[in-house]
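Presented below is the structure to which this report refers.
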Number of protein chains: 2
Amino acid sequence: MVPEIPEQCCSLLISDSDLQALVAMCKALGNPTRFEILKFLITHPGCITGDIVDYLPIAQATVSQHLKVLRDAGWIQGETKGPATCYCLDRAKIDWFKRKVGAMF
Amino acid sequence: MVPEIPEQCCSLLISDSDLQALVAMCKALGNPTRFEILKFLITHPGCITGDIVDYLPIAQATVSQHLKVLRDAGWIQGETKGPATCYCLDRAKIDWFKRKVGAMF
DNA sequence: TTTATTAATCGTAATAATACGATTTAACCC
DNA sequence: GGGTTAAATCGTATTATTACGATTAATAAA
């Protein structure tokens, strides 16, 4: 009996750029602190960086760094308002994420 | 005018253990190689470690390590079959993941 | 235009993740 | 029992992530 790889059972339509974006979003969410930040933004939409700094037991520089990761990945959007930055979820990108994950698995 | 944190707009029901499990699953998926492995398992359910080793340009030890991460996080299940291990998706856990993500965002 | 407020960025130390070859473990066949 | 095959684990080098204090940039207020 010849050993063989199981037949490919189906195709999987996902572009390279979609894959990269999905991985980046997962990676961003795969950190407890960033998950907490996202949770906070869900319940406190439009809050500023300082609110998150007050809420979490970590330094301002670290929060800012995490916000950048979440922003780059597409989870959140930041809007400059005077000297502050208001953050909220990036609805469109999050919906895209849910659609892609749903379609893939 | 007194500055203030925006009102909490809603509650977010998620237990500590659920949160940990979600973060672990995202972290596991947030790596391009592991994402590729998962993609391969979607299209080749029931394949063995060696099939994945043949498919990917990385060492056997590394593949095994990644499979462990995916298994620990709950994405896949492994079944010993003689000297080999057959892997397939952990449907129940993946469905749970999709439900939780859907409910949260 | 100085001063205050808020965030972002820089430089860097500590920790974690990734990859590898080598070795060990486990199941099977003779 | 040896011998074979397949995968897991070990030890370790390299790279990436995370966290911090210090500094800089940007806006607004006095």
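Letters for chains follow the order of the structure tokens (A, B, ...), residue numbers begin at 1 for each chain, and ligand numbers begin at 1 in the order shown.
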Residues of chain B at most 9 Å from chain A: nearest atom pair and distance in Å, only C-alpha atoms, as JSON lines:
```
{"residue": "B:Glu4", "atom": "CA", "partner": "A:Asp51", "partner_atom": "CA", "distance": 8.7}
{"residue": "B:Ile5", "atom": "CA", "partner": "A:Asp51", "partner_atom": "CA", "distance": 6.3}
{"residue": "B:Pro6", "atom": "CA", "partner": "A:Cys47", "partner_atom": "CA", "distance": 5.9}
{"residue": "B:Glu7", "atom": "CA", "partner": "A:His44", "partner_atom": "CA", "distance": 6.4}
{"residue": "B:Gln8", "atom": "CA", "partner": "A:His44", "partner_atom": "CA", "distance": 5.0}
{"residue": "B:Cys9", "atom": "CA", "partner": "A:Thr43", "partner_atom": "CA", "distance": 5.3}
{"residue": "B:Cys10", "atom": "CA", "partner": "A:Thr43", "partner_atom": "CA", "distance": 5.3}
{"residue": "B:Ser11", "atom": "CA", "partner": "A:Thr43", "partner_atom": "CA", "distance": 6.4}
{"residue": "B:Leu12", "atom": "CA", "partner": "A:Thr43", "partner_atom": "CA", "distance": 7.1}
{"residue": "B:Leu19", "atom": "CA", "partner": "A:Pro32", "partner_atom": "CA", "distance": 8.3}
{"residue": "B:Gln20", "atom": "CA", "partner": "A:Pro32", "partner_atom": "CA", "distance": 7.6}
{"residue": "B:Leu22", "atom": "CA", "partner": "A:Gly30", "partner_atom": "CA", "distance": 7.9}
{"residue": "B:Val23", "atom": "CA", "partner": "A:Gly30", "partner_atom": "CA", "distance": 4.7}
{"residue": "B:Ala24", "atom": "CA", "partner": "A:Gly30", "partner_atom": "CA", "distance": 6.3}
{"residue": "B:Met25", "atom": "CA", "partner": "A:Gly30", "partner_atom": "CA", "distance": 7.3}
{"residue": "B:Cys26", "atom": "CA", "partner": "A:Gly30", "partner_atom": "CA", "distance": 4.6}
{"residue": "B:Lys27", "atom": "CA", "partner": "A:Gly30", "partner_atom": "CA", "distance": 3.8}
{"residue": "B:Ala28", "atom": "CA", "partner": "A:Gly30", "partner_atom": "CA", "distance": 7.6}
{"residue": "B:Leu29", "atom": "CA", "partner": "A:Cys26", "partner_atom": "CA", "distance": 6.0}
{"residue": "B:Gly30", "atom": "CA", "partner": "A:Lys27", "partner_atom": "CA", "distance": 3.8}
{"residue": "B:Asn31", "atom": "CA", "partner": "A:Val23", "partner_atom": "CA", "distance": 6.2}
{"residue": "B:Pro32", "atom": "CA", "partner": "A:Val23", "partner_atom": "CA", "distance": 6.3}
{"residue": "B:Phe35", "atom": "CA", "partner": "A:Val23", "partner_atom": "CA", "distance": 7.3}
{"residue": "B:Lys39", "atom": "CA", "partner": "A:Leu12", "partner_atom": "CA", "distance": 7.6}
{"residue": "B:Phe40", "atom": "CA", "partner": "A:Gln8", "partner_atom": "CA", "distance": 8.8}
{"residue": "B:Ile42", "atom": "CA", "partner": "A:Phe105", "partner_atom": "CA", "distance": 7.6}
{"residue": "B:Thr43", "atom": "CA", "partner": "A:Gln8", "partner_atom": "CA", "distance": 5.2}
{"residue": "B:His44", "atom": "CA", "partner": "A:Gln8", "partner_atom": "CA", "distance": 5.0}
{"residue": "B:Pro45", "atom": "CA", "partner": "A:Pro6", "partner_atom": "CA", "distance": 7.3}
{"residue": "B:Gly46", "atom": "CA", "partner": "A:Pro6", "partner_atom": "CA", "distance": 7.0}
{"residue": "B:Cys47", "atom": "CA", "partner": "A:Pro6", "partner_atom": "CA", "distance": 5.9}
{"residue": "B:Ile48", "atom": "CA", "partner": "A:Ile5", "partner_atom": "CA", "distance": 8.0}
{"residue": "B:Asp51", "atom": "CA", "partner": "A:Ile5", "partner_atom": "CA", "distance": 6.2}
{"residue": "B:Leu89", "atom": "CA", "partner": "A:Phe105", "partner_atom": "CA", "distance": 9.0}
{"residue": "B:Arg91", "atom": "CA", "partner": "A:Phe105", "partner_atom": "CA", "distance": 8.5}
{"residue": "B:Ile94", "atom": "CA", "partner": "A:Phe105", "partner_atom": "CA", "distance": 7.4}
{"residue": "B:Asp95", "atom": "CA", "partner": "A:Phe105", "partner_atom": "CA", "distance": 8.3}
{"residue": "B:Lys98", "atom": "CA", "partner": "A:Gly102", "partner_atom": "CA", "distance": 6.9}
{"residue": "B:Val101", "atom": "CA", "partner": "A:Lys98", "partner_atom": "CA", "distance": 7.6}
{"residue": "B:Gly102", "atom": "CA", "partner": "A:Lys98", "partner_atom": "CA", "distance": 6.9}
{"residue": "B:Met104", "atom": "CA", "partner": "A:Ile42", "partner_atom": "CA", "distance": 8.6}
{"residue": "B:Phe105", "atom": "CA", "partner": "A:Ile94", "partner_atom": "CA", "distance": 7.4}
```
Exercise. With a distance threshold of 12 Å and counting only C-alpha atoms (C1' of nucleotides), extract the residues of chain D near chain B and express them as an NGL selection string.
Key: :D and (4-10)
Output N, CA and C atoms (P, O5', C5', C4', C3', O3' and C1' of nucleotides) for every residue in that selection, as a PDB file, in the first residue's frame.
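Listed below is the output, out-v4.pdb:
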```pdb
ATOM      1  P    DT D   4      16.957  -0.949   9.596  1.00  0.00           P
ATOM      2  O5'  DT D   4      15.493  -0.337   9.648  1.00  0.00           O
ATOM      3  C5'  DT D   4      14.372  -1.159   9.276  1.00  0.00           C
ATOM      4  C4'  DT D   4      13.091  -0.323   9.269  1.00  0.00           C
ATOM      5  C3'  DT D   4      13.289   1.122   8.798  1.00  0.00           C
ATOM      6  O3'  DT D   4      12.285   1.432   7.854  1.00  0.00           O
ATOM      7  C1'  DT D   4      12.202   1.084  10.911  1.00  0.00           C
ATOM      8  P    DT D   5      12.315   2.785   7.018  1.00  0.00           P
ATOM      9  O5'  DT D   5      11.103   3.565   7.696  1.00  0.00           O
ATOM     10  C5'  DT D   5       9.832   2.915   7.817  1.00  0.00           C
ATOM     11  C4'  DT D   5       8.918   3.783   8.662  1.00  0.00           C
ATOM     12  C3'  DT D   5       8.977   5.270   8.297  1.00  0.00           C
ATOM     13  O3'  DT D   5       7.663   5.729   8.100  1.00  0.00           O
ATOM     14  C1'  DT D   5       9.266   4.966  10.629  1.00  0.00           C
ATOM     15  P    DA D   6       7.358   7.213   7.575  1.00  0.00           P
ATOM     16  O5'  DA D   6       6.912   7.922   8.927  1.00  0.00           O
ATOM     17  C5'  DA D   6       5.756   7.442   9.600  1.00  0.00           C
ATOM     18  C4'  DA D   6       5.556   8.264  10.845  1.00  0.00           C
ATOM     19  C3'  DA D   6       5.694   9.763  10.593  1.00  0.00           C
ATOM     20  O3'  DA D   6       4.518  10.395  11.064  1.00  0.00           O
ATOM     21  C1'  DA D   6       7.080   9.090  12.407  1.00  0.00           C
ATOM     22  P    DA D   7       4.315  11.974  10.974  1.00  0.00           P
ATOM     23  O5'  DA D   7       4.756  12.368  12.440  1.00  0.00           O
ATOM     24  C5'  DA D   7       3.984  11.803  13.515  1.00  0.00           C
ATOM     25  C4'  DA D   7       4.583  12.201  14.825  1.00  0.00           C
ATOM     26  C3'  DA D   7       4.647  13.703  15.057  1.00  0.00           C
ATOM     27  O3'  DA D   7       4.005  13.944  16.268  1.00  0.00           O
ATOM     28  C1'  DA D   7       6.726  12.686  15.555  1.00  0.00           C
ATOM     29  P    DA D   8       3.626  15.375  16.820  1.00  0.00           P
ATOM     30  O5'  DA D   8       4.473  15.439  18.180  1.00  0.00           O
ATOM     31  C5'  DA D   8       4.333  14.374  19.099  1.00  0.00           C
ATOM     32  C4'  DA D   8       5.467  14.407  20.095  1.00  0.00           C
ATOM     33  C3'  DA D   8       5.673  15.770  20.765  1.00  0.00           C
ATOM     34  O3'  DA D   8       5.665  15.565  22.165  1.00  0.00           O
ATOM     35  C1'  DA D   8       7.732  14.952  19.877  1.00  0.00           C
ATOM     36  P    DT D   9       5.709  16.780  23.163  1.00  0.00           P
ATOM     37  O5'  DT D   9       7.275  16.880  23.496  1.00  0.00           O
ATOM     38  C5'  DT D   9       7.910  15.772  24.085  1.00  0.00           C
ATOM     39  C4'  DT D   9       9.406  16.045  24.171  1.00  0.00           C
ATOM     40  C3'  DT D   9       9.760  17.382  24.841  1.00  0.00           C
ATOM     41  O3'  DT D   9      10.628  17.085  25.922  1.00  0.00           O
ATOM     42  C1'  DT D   9      10.977  17.080  22.836  1.00  0.00           C
ATOM     43  P    DC D  10      11.121  18.238  26.909  1.00  0.00           P
ATOM     44  O5'  DC D  10      12.642  18.431  26.462  1.00  0.00           O
ATOM     45  C5'  DC D  10      13.467  17.276  26.281  1.00  0.00           C
ATOM     46  C4'  DC D  10      14.883  17.711  25.888  1.00  0.00           C
ATOM     47  C3'  DC D  10      15.343  19.009  26.536  1.00  0.00           C
ATOM     48  O3'  DC D  10      16.668  18.838  27.026  1.00  0.00           O
ATOM     49  C1'  DC D  10      15.520  19.180  24.175  1.00  0.00           C
TER      50       DC D  10
END
```
May I ask you to extract the residues of chain C within 8 Å of chain A, using only C-alpha atoms (C1' of nucleotides), and to give them as a CSV table (one decimal) with N, CA and C atoms (P, O5', C5', C4', C3', O3' and C1' of nucleotides), in the first residue's frame?
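Produced file out-v4.csv, reproduced below:
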```
chain,number,residue,atom,x,y,z
C,5,DT,P,-1.5,71.7,33.0
C,5,DT,O5',-1.9,70.9,31.7
C,5,DT,C5',-3.0,71.4,30.9
C,5,DT,C4',-3.1,70.5,29.7
C,5,DT,C3',-3.0,69.0,30.0
C,5,DT,O3',-4.2,68.4,29.4
C,5,DT,C1',-1.6,69.5,28.2
C,6,DT,P,-4.6,66.9,29.8
C,6,DT,O5',-4.1,66.1,28.5
C,6,DT,C5',-4.7,66.4,27.2
C,6,DT,C4',-3.9,65.8,26.2
C,6,DT,C3',-3.6,64.3,26.4
C,6,DT,O3',-4.3,63.5,25.5
C,6,DT,C1',-1.7,65.4,25.6
C,7,DA,P,-4.5,62.0,25.5
C,7,DA,O5',-3.6,61.5,24.2
C,7,DA,C5',-2.4,62.2,24.0
C,7,DA,C4',-2.0,61.9,22.6
C,7,DA,C3',-1.6,60.5,22.3
C,7,DA,O3',-1.6,60.3,20.9
C,7,DA,C1',0.4,61.8,22.7
C,8,DA,P,-1.3,58.9,20.3
C,8,DA,O5',0.2,59.1,19.7
C,8,DA,C5',0.4,60.1,18.7
C,8,DA,C4',1.9,60.3,18.5
C,8,DA,C3',2.7,59.0,18.1
C,8,DA,O3',3.4,59.2,16.9
C,8,DA,C1',3.8,60.0,19.9
```
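Put simply, CA of Arg71 in chain B is 18.4 Å away from CA of Ala59 in chain B.
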Exercise. Would you mind telling me which residue in C:DA4, C:DT23, C:DT9, C:DT15 lies nearest to DA25 in chain D when using only C-alpha atoms (C1' of nucleotides)?
Key: C:DT9
Exercise. Could you find all residues in range 27-76 of chain A that DSSP calls alpha helix (DSSP H) from the backbone, and write them as number ranges by chain?
Key: A: 27-29, 32-43, 49-55, 60-73
Exercise. Check range 19-100 of chain A with DSSP on the backbone and list each residue it calls strand (DSSP E or B), as a ChimeraX atom specification.
Key: /A:48,76-81,84-89
Quiz item: Please, what distance in Å, to one decimal, runs between CA of Tyr87 in chain A and CA of Lys100 in chain B?
Solution: 22.9 Å
Quick one: everything within 12 Å of DA13 in chain D, counting only C-alpha atoms (C1' of nucleotides), minus sequence neighbours fewer than 4 positions away in the same chain. Send it as a PDB file with C-alpha atoms (C1' of nucleotides), in the first residue's frame.
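Wrote result-v2.pdb, looks like this:
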```pdb
ATOM      1  C1'  DT C  18      10.932  31.252  16.313  1.00  0.00           C
ATOM      2  C1'  DA C  19      13.877  28.175  14.001  1.00  0.00           C
ATOM      3  C1'  DC C  20      17.228  24.638  13.843  1.00  0.00           C
ATOM      4  C1'  DG C  21      19.904  20.081  14.509  1.00  0.00           C
TER       5       DG C  21
END
```
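In this model, the gap between C1' of DA29 in chain D and C1' of DT2 in chain C comes to 10.6 Å.
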